[in-house]
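What follows is one structure encoded as structure tokens, with my remarks underneath.
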There are 2 protein chains.
Amino acid sequence: MPKPLLFNAFEMLVPSHQSPGLWRHHRDEGRRYTELGYWTSLAQTLEEGGFHGIFFADILGQYDVFGGSAEESVRGGVQFPQLDPMLLVSALAQATRRIGFGVTASVTYEHPYLLARRLGTLDHLTGGRVAWNIVTSYQDSAARNLGLNGQIPHDERYDRAEEYMDVVYKLLEGSFDDDAVTVDTEANVYTDPDKVRGIGHQGSAFQVPGPALVEPSPQRTPLLFQAGASSRGREFAAKHAEAIFFSGYTPEMTRTWVDSVRDGLASAGRRRDAVKIFAMATVITAETDEEAQQKFNEYSEYIDAEAALALFAGWTGVDLSDVDLDAPLEYIKTEGNQSALAAFTTMDPSRTWTARELARFIGIGGRGPVLIGSPQTIADELERWQDVGDVDGFNLSSAVRPADLADFARLVSPELRRRGLLESPDAETFRGIITGGESRLPADHYGARFRNIQG
Amino acid sequence: MPKPLLFNAFEMLVPSHQSPGLWRHHRDEGRRYTELGYWTSLAQTLEEGGFHGIFFADILGQYDVFGGSAEESVRGGVQFPQLDPMLLVSALAQATRRIGFGVTASVTYEHPYLLARRLGTLDHLTGGRVAWNIVTSYQDSAARNLGLNGQIPHDERYDRAEEYMDVVYKLLEGSFDDDAVTVDTEANVYTDPDKVRGIGHQGSAFQVPGPALVEPSPQRTPLLFQAGASSRGREFAAKHAEAIFFSGYTPEMTRTWVDSVRDGLASAGRRRDAVKIFAMATVITAETDEEAQQKFNEYSEYIDAEAALALFAGWTGVDLSDVDLDAPLEYIKTEGNQSALAAFTTMDPSRTWTARELARFIGIGGRGPVLIGSPQTIADELERWQDVGDVDGFNLSSAVRPADLADFARLVSPELRRRGLLESPDAETFRGIITGGESRLPADHYGARFRNIQG
């Protein structure tokens, strides 16, 4: 019996997401990212195509490392301009029935008392279809615009993030009993004050005396997603995440990472399969392998090398604006750059890259990988990632938006369904759909210990 | 020729908004405030009834002044629990065509770089149907949960608010030229970097070097609403507001206030009619005056005196938990309390109140006033407020939710249309609908001077 896979679309409210330059393709509609109708229509297409969720990336700054300015990323539409994805979710919930919505929110720039309210609100309005992608933010430009002189140091961000999570759990899991909101007209009690308690949180970063403002929602704490390739990030994920996504060069390399994640879960006292692992990928498909390859070749003509290197620079901190595009990239082999690139896990480490090659690699699908082929070939390849890589599902992005995701839904989904690899789990909430468990955090999750606290 | 009036519904994502206790009425559906369908259905009803906007109040704390705890407000569902209204807006935009959405957001607890992004996002997703109700927040409990030891002093809040507005104007009006986003596939330019500039804001409260993250939206700066009864608040409104709402005891008393607002506008160099003034009111209507009065009498049986006094205490800081409910309220005549009550402009100043009378007054419609009668009587009364009070429109709340607003739409709107008092202005944006002007801030508005700044 095949084990069904899980699928999220990976999107962002920007003109150009993972494939710099392809906004110029005649089929690309990324420029419609400011229109509600663009997103509701995509959400409906994805839901019909069996996708389990839509995952929205988000950043709070600009890509301004390349050449020391944001010029190339502004020109190339590289994740700029942009909108706040959290504000889109209720409209998508209104337009669909069961697909889930992953929202990215930073624990560095949002106060946990307010973010807990937002997440609880979305969980109510969507009927329990929300996941939170926990990020600590990585852009200096975001930090500067939010009044900090550069970023909080990486490890300190994670310490603060740990306290942040405690505050969120206390608010969403601990401050209301399940039966606190009684709506008892006879007794004239809307909420029983004895069943609501202030969390009395006094920490080093946050002081929050009161209870959550939001009553218990279907999931309470939303389904918790995390990326996080650094060792501190993996430790954080092993404790908090219920789903993780990862960009791996090959299924074999991904397996090494997946094993380390599952080892980390065991060390943290959780089951090795307590976290669902999603591989990032861009799928380019057509009726036949030849047509799919032609499509990829045609897409390649739209790659914008400078914009791609601006994206790369923003991600890694490595500025290649001054290098010869066709010379071997000795430059990035310096120790500091290697450290920055350690997270760039989709680059084949066995070869020497030129900047132009790197730009072409990033130009379609960003960190990659890119899977190209007929529905049968794609399904075979996804099965190979499942078998070899031990992944539970995929976060898929479009190169040409939203055409590649729509093509996946139209062509690949039926093939996956035939193979028993695509199912619509019968669950009430996003957590139920993704984890196969209950709507609430499982009892052995760290966050569950904040239930029924006394403030 | 009658001058058409403007109508906003005044709502909040809470079980009980302005009429404590009435959630127990058999027709009240306020308990459905966590359901998307409740709000989309109400928005459609209001749009059909000719309402121009829905205005969402919001607070970030609890009412915990009465008896020194939140117990009564929790029990009575007094604006607790609650959800974040900003996250509802895109779903309402999706479900309607032209009605506008006013969102309350605090300049005290949200960073302007993030709030500008949120407001810009909503303006895009709604196609220019957003207004921002600028508040400085007044609850100690909110301040404590957001890490402050009590509130920032009132006047300091307003100084900070002034700088905050400058940052928002610089971001939304100043950082992108109108033609910055060219989407030029031939030239390979999505946004022209020469037409986007960092705002270089270096103030005492905020440092924001970068440009807005959001490209110019239909209104750029959303339509600006404000309440603000204090003299510092009125000064702020005279400079920034395009619409103000006010709770007045009678049209005559309201006129005094309206005249002072228009004088303030003149002093600030704006036209006396540069701001649209909305009177708050709760309308209870039925086919006949007698039936409407019966309805009011029936509603009165559901008033929850303690919950009403908890709401009053939260608004004013005056705690009546220890007073004899039926003794004349000498207590509130002390100087400090009088000062707190100065903003409570709907209380008849010529009489002596008991706490019970006060609770009954607040128990239906909060600060009031409450208008009761047949559609003809209501229309007459609204015309009187227009003539005598010189108001431009009304922010209407339901006592029984959403029945009273639905009844208004069903019964009073047709009467107003017959009299030429209710029109659907032919405008693209909420600003156009409310002000009768263009979609963007008028050239003589303070915020317009931040256009085309050089950072």
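Chain lettering (A, B, ...) mirrors the order of the structure tokens, residue numbering begins at 1 for each chain separately, and ligand numbering begins at 1 in order of display.
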
Residues flagged strand (DSSP E) by DSSP in stretch 183-344 of chain B, as a PDB file with N, CA, C and O atoms, in the first residue's frame:
ATOM      1  N   VAL B 183       6.171  47.510 -14.451  1.00  0.00           N
ATOM      2  CA  VAL B 183       5.905  46.164 -14.992  1.00  0.00           C
ATOM      3  C   VAL B 183       6.252  46.137 -16.483  1.00  0.00           C
ATOM      4  O   VAL B 183       5.439  45.758 -17.326  1.00  0.00           O
ATOM      5  N   ASP B 184       7.457  46.556 -16.795  1.00  0.00           N
ATOM      6  CA  ASP B 184       7.898  46.717 -18.180  1.00  0.00           C
ATOM      7  C   ASP B 184       8.703  45.481 -18.589  1.00  0.00           C
ATOM      8  O   ASP B 184       9.890  45.364 -18.286  1.00  0.00           O
ATOM      9  N   VAL B 189      12.107  45.738 -16.238  1.00  0.00           N
ATOM     10  CA  VAL B 189      11.996  46.547 -15.018  1.00  0.00           C
ATOM     11  C   VAL B 189      10.613  46.328 -14.426  1.00  0.00           C
ATOM     12  O   VAL B 189       9.615  46.715 -15.032  1.00  0.00           O
ATOM     13  N   TYR B 190      10.560  45.724 -13.255  1.00  0.00           N
ATOM     14  CA  TYR B 190       9.255  45.613 -12.592  1.00  0.00           C
ATOM     15  C   TYR B 190       8.934  46.926 -11.899  1.00  0.00           C
ATOM     16  O   TYR B 190       7.884  47.523 -12.120  1.00  0.00           O
ATOM     17  N   THR B 191       9.852  47.380 -11.067  1.00  0.00           N
ATOM     18  CA  THR B 191       9.696  48.676 -10.407  1.00  0.00           C
ATOM     19  C   THR B 191      10.945  49.497 -10.693  1.00  0.00           C
ATOM     20  O   THR B 191      12.062  48.995 -10.567  1.00  0.00           O
ATOM     21  N   HIS B 201      13.600  58.316   7.754  1.00  0.00           N
ATOM     22  CA  HIS B 201      13.017  58.946   8.946  1.00  0.00           C
ATOM     23  C   HIS B 201      13.868  58.685  10.186  1.00  0.00           C
ATOM     24  O   HIS B 201      14.108  57.543  10.564  1.00  0.00           O
ATOM     25  N   GLN B 202      14.310  59.751  10.806  1.00  0.00           N
ATOM     26  CA  GLN B 202      15.074  59.671  12.056  1.00  0.00           C
ATOM     27  C   GLN B 202      14.361  60.530  13.075  1.00  0.00           C
ATOM     28  O   GLN B 202      14.578  61.731  13.145  1.00  0.00           O
ATOM     29  N   GLN B 207      12.852  55.176  13.935  1.00  0.00           N
ATOM     30  CA  GLN B 207      13.859  55.321  12.894  1.00  0.00           C
ATOM     31  C   GLN B 207      13.481  54.363  11.770  1.00  0.00           C
ATOM     32  O   GLN B 207      13.505  53.145  11.961  1.00  0.00           O
ATOM     33  N   VAL B 208      13.125  54.909  10.646  1.00  0.00           N
ATOM     34  CA  VAL B 208      12.724  54.083   9.509  1.00  0.00           C
ATOM     35  C   VAL B 208      13.448  54.584   8.263  1.00  0.00           C
ATOM     36  O   VAL B 208      13.044  55.576   7.658  1.00  0.00           O
ATOM     37  N   LEU B 223      -8.576  56.171   4.006  1.00  0.00           N
ATOM     38  CA  LEU B 223      -9.429  57.211   4.591  1.00  0.00           C
ATOM     39  C   LEU B 223      -9.194  57.252   6.098  1.00  0.00           C
ATOM     40  O   LEU B 223      -9.191  56.216   6.755  1.00  0.00           O
ATOM     41  N   LEU B 224      -9.002  58.458   6.651  1.00  0.00           N
ATOM     42  CA  LEU B 224      -8.600  58.579   8.055  1.00  0.00           C
ATOM     43  C   LEU B 224      -9.768  58.980   8.949  1.00  0.00           C
ATOM     44  O   LEU B 224     -10.337  60.074   8.800  1.00  0.00           O
ATOM     45  N   PHE B 225     -10.100  58.089   9.853  1.00  0.00           N
ATOM     46  CA  PHE B 225     -11.166  58.313  10.827  1.00  0.00           C
ATOM     47  C   PHE B 225     -10.565  58.579  12.189  1.00  0.00           C
ATOM     48  O   PHE B 225      -9.490  58.099  12.510  1.00  0.00           O
ATOM     49  N   GLN B 226     -11.262  59.303  13.002  1.00  0.00           N
ATOM     50  CA  GLN B 226     -10.850  59.444  14.390  1.00  0.00           C
ATOM     51  C   GLN B 226     -12.023  59.765  15.296  1.00  0.00           C
ATOM     52  O   GLN B 226     -12.967  60.438  14.883  1.00  0.00           O
ATOM     53  N   ALA B 243     -12.702  62.080   8.713  1.00  0.00           N
ATOM     54  CA  ALA B 243     -14.023  61.773   9.259  1.00  0.00           C
ATOM     55  C   ALA B 243     -13.842  61.562  10.764  1.00  0.00           C
ATOM     56  O   ALA B 243     -12.827  61.045  11.207  1.00  0.00           O
ATOM     57  N   ILE B 244     -14.830  62.025  11.515  1.00  0.00           N
ATOM     58  CA  ILE B 244     -14.775  61.909  12.973  1.00  0.00           C
ATOM     59  C   ILE B 244     -16.108  61.361  13.447  1.00  0.00           C
ATOM     60  O   ILE B 244     -17.148  61.681  12.872  1.00  0.00           O
ATOM     61  N   PHE B 245     -16.067  60.551  14.479  1.00  0.00           N
ATOM     62  CA  PHE B 245     -17.353  60.173  15.071  1.00  0.00           C
ATOM     63  C   PHE B 245     -17.406  60.589  16.526  1.00  0.00           C
ATOM     64  O   PHE B 245     -16.396  60.739  17.193  1.00  0.00           O
ATOM     65  N   PHE B 246     -18.631  60.782  16.987  1.00  0.00           N
ATOM     66  CA  PHE B 246     -18.871  61.455  18.250  1.00  0.00           C
ATOM     67  C   PHE B 246     -20.177  60.948  18.842  1.00  0.00           C
ATOM     68  O   PHE B 246     -21.152  60.743  18.135  1.00  0.00           O
ATOM     69  N   LYS B 276     -15.881  64.890   7.628  1.00  0.00           N
ATOM     70  CA  LYS B 276     -17.258  64.409   7.741  1.00  0.00           C
ATOM     71  C   LYS B 276     -17.491  63.973   9.181  1.00  0.00           C
ATOM     72  O   LYS B 276     -16.666  63.251   9.756  1.00  0.00           O
ATOM     73  N   ILE B 277     -18.592  64.419   9.736  1.00  0.00           N
ATOM     74  CA  ILE B 277     -18.857  64.126  11.144  1.00  0.00           C
ATOM     75  C   ILE B 277     -20.000  63.124  11.278  1.00  0.00           C
ATOM     76  O   ILE B 277     -21.084  63.310  10.715  1.00  0.00           O
ATOM     77  N   PHE B 278     -19.690  62.042  11.987  1.00  0.00           N
ATOM     78  CA  PHE B 278     -20.659  60.955  12.202  1.00  0.00           C
ATOM     79  C   PHE B 278     -21.110  60.953  13.656  1.00  0.00           C
ATOM     80  O   PHE B 278     -20.274  60.910  14.556  1.00  0.00           O
ATOM     81  N   ALA B 279     -22.419  60.993  13.850  1.00  0.00           N
ATOM     82  CA  ALA B 279     -22.969  60.837  15.195  1.00  0.00           C
ATOM     83  C   ALA B 279     -23.183  59.357  15.463  1.00  0.00           C
ATOM     84  O   ALA B 279     -23.682  58.624  14.615  1.00  0.00           O
ATOM     85  N   MET B 280     -22.807  58.944  16.661  1.00  0.00           N
ATOM     86  CA  MET B 280     -23.085  57.565  17.060  1.00  0.00           C
ATOM     87  C   MET B 280     -24.551  57.465  17.437  1.00  0.00           C
ATOM     88  O   MET B 280     -25.106  58.408  18.018  1.00  0.00           O
ATOM     89  N   ALA B 281     -25.174  56.340  17.143  1.00  0.00           N
ATOM     90  CA  ALA B 281     -26.545  56.117  17.593  1.00  0.00           C
ATOM     91  C   ALA B 281     -26.886  54.637  17.506  1.00  0.00           C
ATOM     92  O   ALA B 281     -26.291  53.886  16.731  1.00  0.00           O
ATOM     93  N   THR B 282     -27.838  54.234  18.338  1.00  0.00           N
ATOM     94  CA  THR B 282     -28.465  52.920  18.218  1.00  0.00           C
ATOM     95  C   THR B 282     -29.905  53.160  17.817  1.00  0.00           C
ATOM     96  O   THR B 282     -30.595  53.969  18.444  1.00  0.00           O
ATOM     97  N   VAL B 283     -30.342  52.523  16.755  1.00  0.00           N
ATOM     98  CA  VAL B 283     -31.701  52.718  16.266  1.00  0.00           C
ATOM     99  C   VAL B 283     -32.507  51.448  16.516  1.00  0.00           C
ATOM    100  O   VAL B 283     -32.081  50.356  16.133  1.00  0.00           O
ATOM    101  N   ILE B 284     -33.643  51.624  17.180  1.00  0.00           N
ATOM    102  CA  ILE B 284     -34.562  50.502  17.403  1.00  0.00           C
ATOM    103  C   ILE B 284     -35.848  50.835  16.670  1.00  0.00           C
ATOM    104  O   ILE B 284     -36.548  51.789  17.015  1.00  0.00           O
ATOM    105  N   THR B 285     -36.113  50.082  15.630  1.00  0.00           N
ATOM    106  CA  THR B 285     -37.235  50.431  14.759  1.00  0.00           C
ATOM    107  C   THR B 285     -38.156  49.245  14.537  1.00  0.00           C
ATOM    108  O   THR B 285     -37.774  48.085  14.733  1.00  0.00           O
TER     109      THR B 285
END

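By only C-alpha atoms, and with residues fewer than 6 positions from B:Leu422 along its chain excluded, the set lying at most 12 Å from it is Pro2, Lys3, Pro4, Leu5, Leu6, Phe7, Glu48, Gly49, Gly50, Phe51, His52, Ala379, Leu382, Glu383, Asp392, Gly393, Phe394, Ala409, Val412, Ser413, Pro414, Glu415 and Leu416 of chain B.
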
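Rounded to one decimal, atom CA of A:Trp23 and atom CA of A:Glu291 lie 20.8 Å from each other.
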
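Between A:Asp58 and the residues A:Ile99, A:Val74, A:Ala93, A:Ile134, the shortest atom-to-atom distance, using only C-alpha atoms, involves A:Ile134.
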
Residue neighbourhood B:Gly389, 8 Å, only C-alpha atoms, exclusion window fewer than 3 positions, as a PyMOL selection string: chain B and resi 251-255+258+384-386

Residue contacts of stretch 215-221 of chain A (10 Å, only C-alpha atoms) excluding same-chain residues fewer than 4 positions away, as a ChimeraX atom specification: /A:116-117,119-132,168-181,191,196,211,428-432,438-441,447-448 /B:34,80-83

Two-atom distance - atom CA of B:Thr256, atom CA of B:Ala161 (Å): 26.5 Å

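Using only C-alpha atoms, the shortest contact distance between chain A and any of B:Val388, B:Met165, B:Ala105, B:Val89 is found at B:Val89.
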
Residue set, stretch 280-434 of chain B restricted to alpha helix (DSSP H), as number ranges by chain: B: 289-300, 305-316, 335-341, 355-363, 375-389, 403-407, 413-418, 430-434

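When only C-alpha atoms are used to measure the gap to chain B, the shortest distance among A:Phe56, A:Phe10, A:Tyr302, A:Trp257 belongs to A:Tyr302.
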
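Distance-wise, atom CA of A:Asn395 and atom CA of B:Leu115 end up 29.1 Å apart.
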
Within 10 Å of B:Asp263 using only C-alpha atoms, minus same-chain residues under 6 positions, as an MDAnalysis selection string: chainID B and resid 238 257 269:272

Long-range neighbours of stretch 309-320 of chain B as a CSV table (one decimal) with all heavy atoms, in the first residue's frame, 6 Å cut-off, only C-alpha atoms, 2 positions minimum in chain:
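Just written: result_38.csv:
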chain,number,residue,atom,x,y,z
B,63,TYR,N,-11.7,45.0,30.2
B,63,TYR,CA,-12.3,46.0,31.1
B,63,TYR,C,-12.2,45.5,32.5
B,63,TYR,O,-13.0,44.6,33.0
B,63,TYR,CB,-13.8,46.2,30.7
B,63,TYR,CG,-14.0,46.9,29.4
B,63,TYR,CD1,-14.3,46.3,28.3
B,63,TYR,CD2,-13.6,48.3,29.3
B,63,TYR,CE1,-14.4,46.9,27.1
B,63,TYR,CE2,-13.7,49.0,28.1
B,63,TYR,CZ,-14.1,48.3,27.0
B,63,TYR,OH,-14.2,48.9,25.8
B,65,VAL,N,-11.5,47.7,35.4
B,65,VAL,CA,-11.6,48.7,36.4
B,65,VAL,C,-12.6,48.5,37.4
B,65,VAL,O,-12.4,48.7,38.6
B,65,VAL,CB,-11.8,50.1,35.7
B,65,VAL,CG1,-11.9,51.2,36.7
B,65,VAL,CG2,-10.6,50.4,34.8
B,66,PHE,N,-13.8,48.0,37.0
B,66,PHE,CA,-14.9,47.8,37.9
B,66,PHE,C,-14.6,46.7,39.0
B,66,PHE,O,-14.3,45.6,38.7
B,66,PHE,CB,-16.1,47.3,37.1
B,66,PHE,CG,-17.4,47.1,37.9
B,66,PHE,CD1,-18.2,48.2,38.2
B,66,PHE,CD2,-17.9,45.9,38.2
B,66,PHE,CE1,-19.4,48.1,38.9
B,66,PHE,CE2,-19.1,45.7,38.9
B,66,PHE,CZ,-19.8,46.8,39.3
B,73,SER,N,-16.8,41.8,33.5
B,73,SER,CA,-16.8,42.0,32.1
B,73,SER,C,-16.6,40.6,31.4
B,73,SER,O,-17.1,40.4,30.3
B,73,SER,CB,-15.7,43.0,31.6
B,73,SER,OG,-14.4,42.6,31.9
B,306,GLU,N,-24.5,45.2,36.2
B,306,GLU,CA,-23.1,45.1,36.6
B,306,GLU,C,-22.2,45.1,35.3
B,306,GLU,O,-21.1,45.8,35.3
B,306,GLU,CB,-22.8,43.8,37.4
B,306,GLU,CG,-23.3,43.8,38.8
B,306,GLU,CD,-24.8,43.7,38.9
B,306,GLU,OE1,-25.5,43.2,37.9
B,306,GLU,OE2,-25.4,44.1,39.9
B,307,ALA,N,-22.6,44.4,34.3
B,307,ALA,CA,-21.8,44.4,33.1
B,307,ALA,C,-21.8,45.8,32.5
B,307,ALA,O,-20.7,46.3,32.0
B,307,ALA,CB,-22.4,43.4,32.1
B,322,ASP,N,-18.8,49.9,44.4
B,322,ASP,CA,-19.1,49.9,45.8
B,322,ASP,C,-20.3,50.9,46.2
B,322,ASP,O,-20.6,51.0,47.3
B,322,ASP,CB,-17.9,50.4,46.6
B,322,ASP,CG,-16.9,49.3,46.8
B,322,ASP,OD1,-17.3,48.1,46.8
B,322,ASP,OD2,-15.7,49.6,47.1
B,323,VAL,N,-20.9,51.5,45.2
B,323,VAL,CA,-21.9,52.5,45.5
B,323,VAL,C,-23.3,51.8,45.6
B,323,VAL,O,-23.5,50.8,45.0
B,323,VAL,CB,-21.9,53.7,44.5
B,323,VAL,CG1,-20.6,54.3,44.3
B,323,VAL,CG2,-22.5,53.2,43.2
B,340,ALA,N,-12.7,62.7,34.2
B,340,ALA,CA,-12.8,61.5,33.5
B,340,ALA,C,-14.1,61.4,32.7
B,340,ALA,O,-14.2,60.9,31.6
B,340,ALA,CB,-12.7,60.3,34.4
B,359,ALA,N,-26.7,52.5,34.6
B,359,ALA,CA,-26.5,51.2,34.0
B,359,ALA,C,-27.6,51.0,33.0
B,359,ALA,O,-27.4,50.4,31.9
B,359,ALA,CB,-26.6,50.1,35.1

Best match for closeness to chain A among B:Gly200, B:Gly210, B:Pro442, B:Gly436, counting only C-alpha atoms: B:Gly210

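Closest to chain B among A:Val135, A:Met1, A:Ala403, A:Ile199 is A:Ile199, based on only C-alpha atoms.
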
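Within the 8 Å cut-off around B:Ile364, using only C-alpha atoms and omitting residues fewer than 3 positions from it on the same chain, the listed residues are Gln18, Ser19, Pro20, Leu22, Tyr299, Ser300, Ile303, Arg360, Phe361, Gly368, Val370 and Ala399 of chain B.
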
Option closest in space to chain A, from B:Val400, B:Leu213, B:Ala237, B:Met12 [counting only C-alpha atoms]: B:Leu213
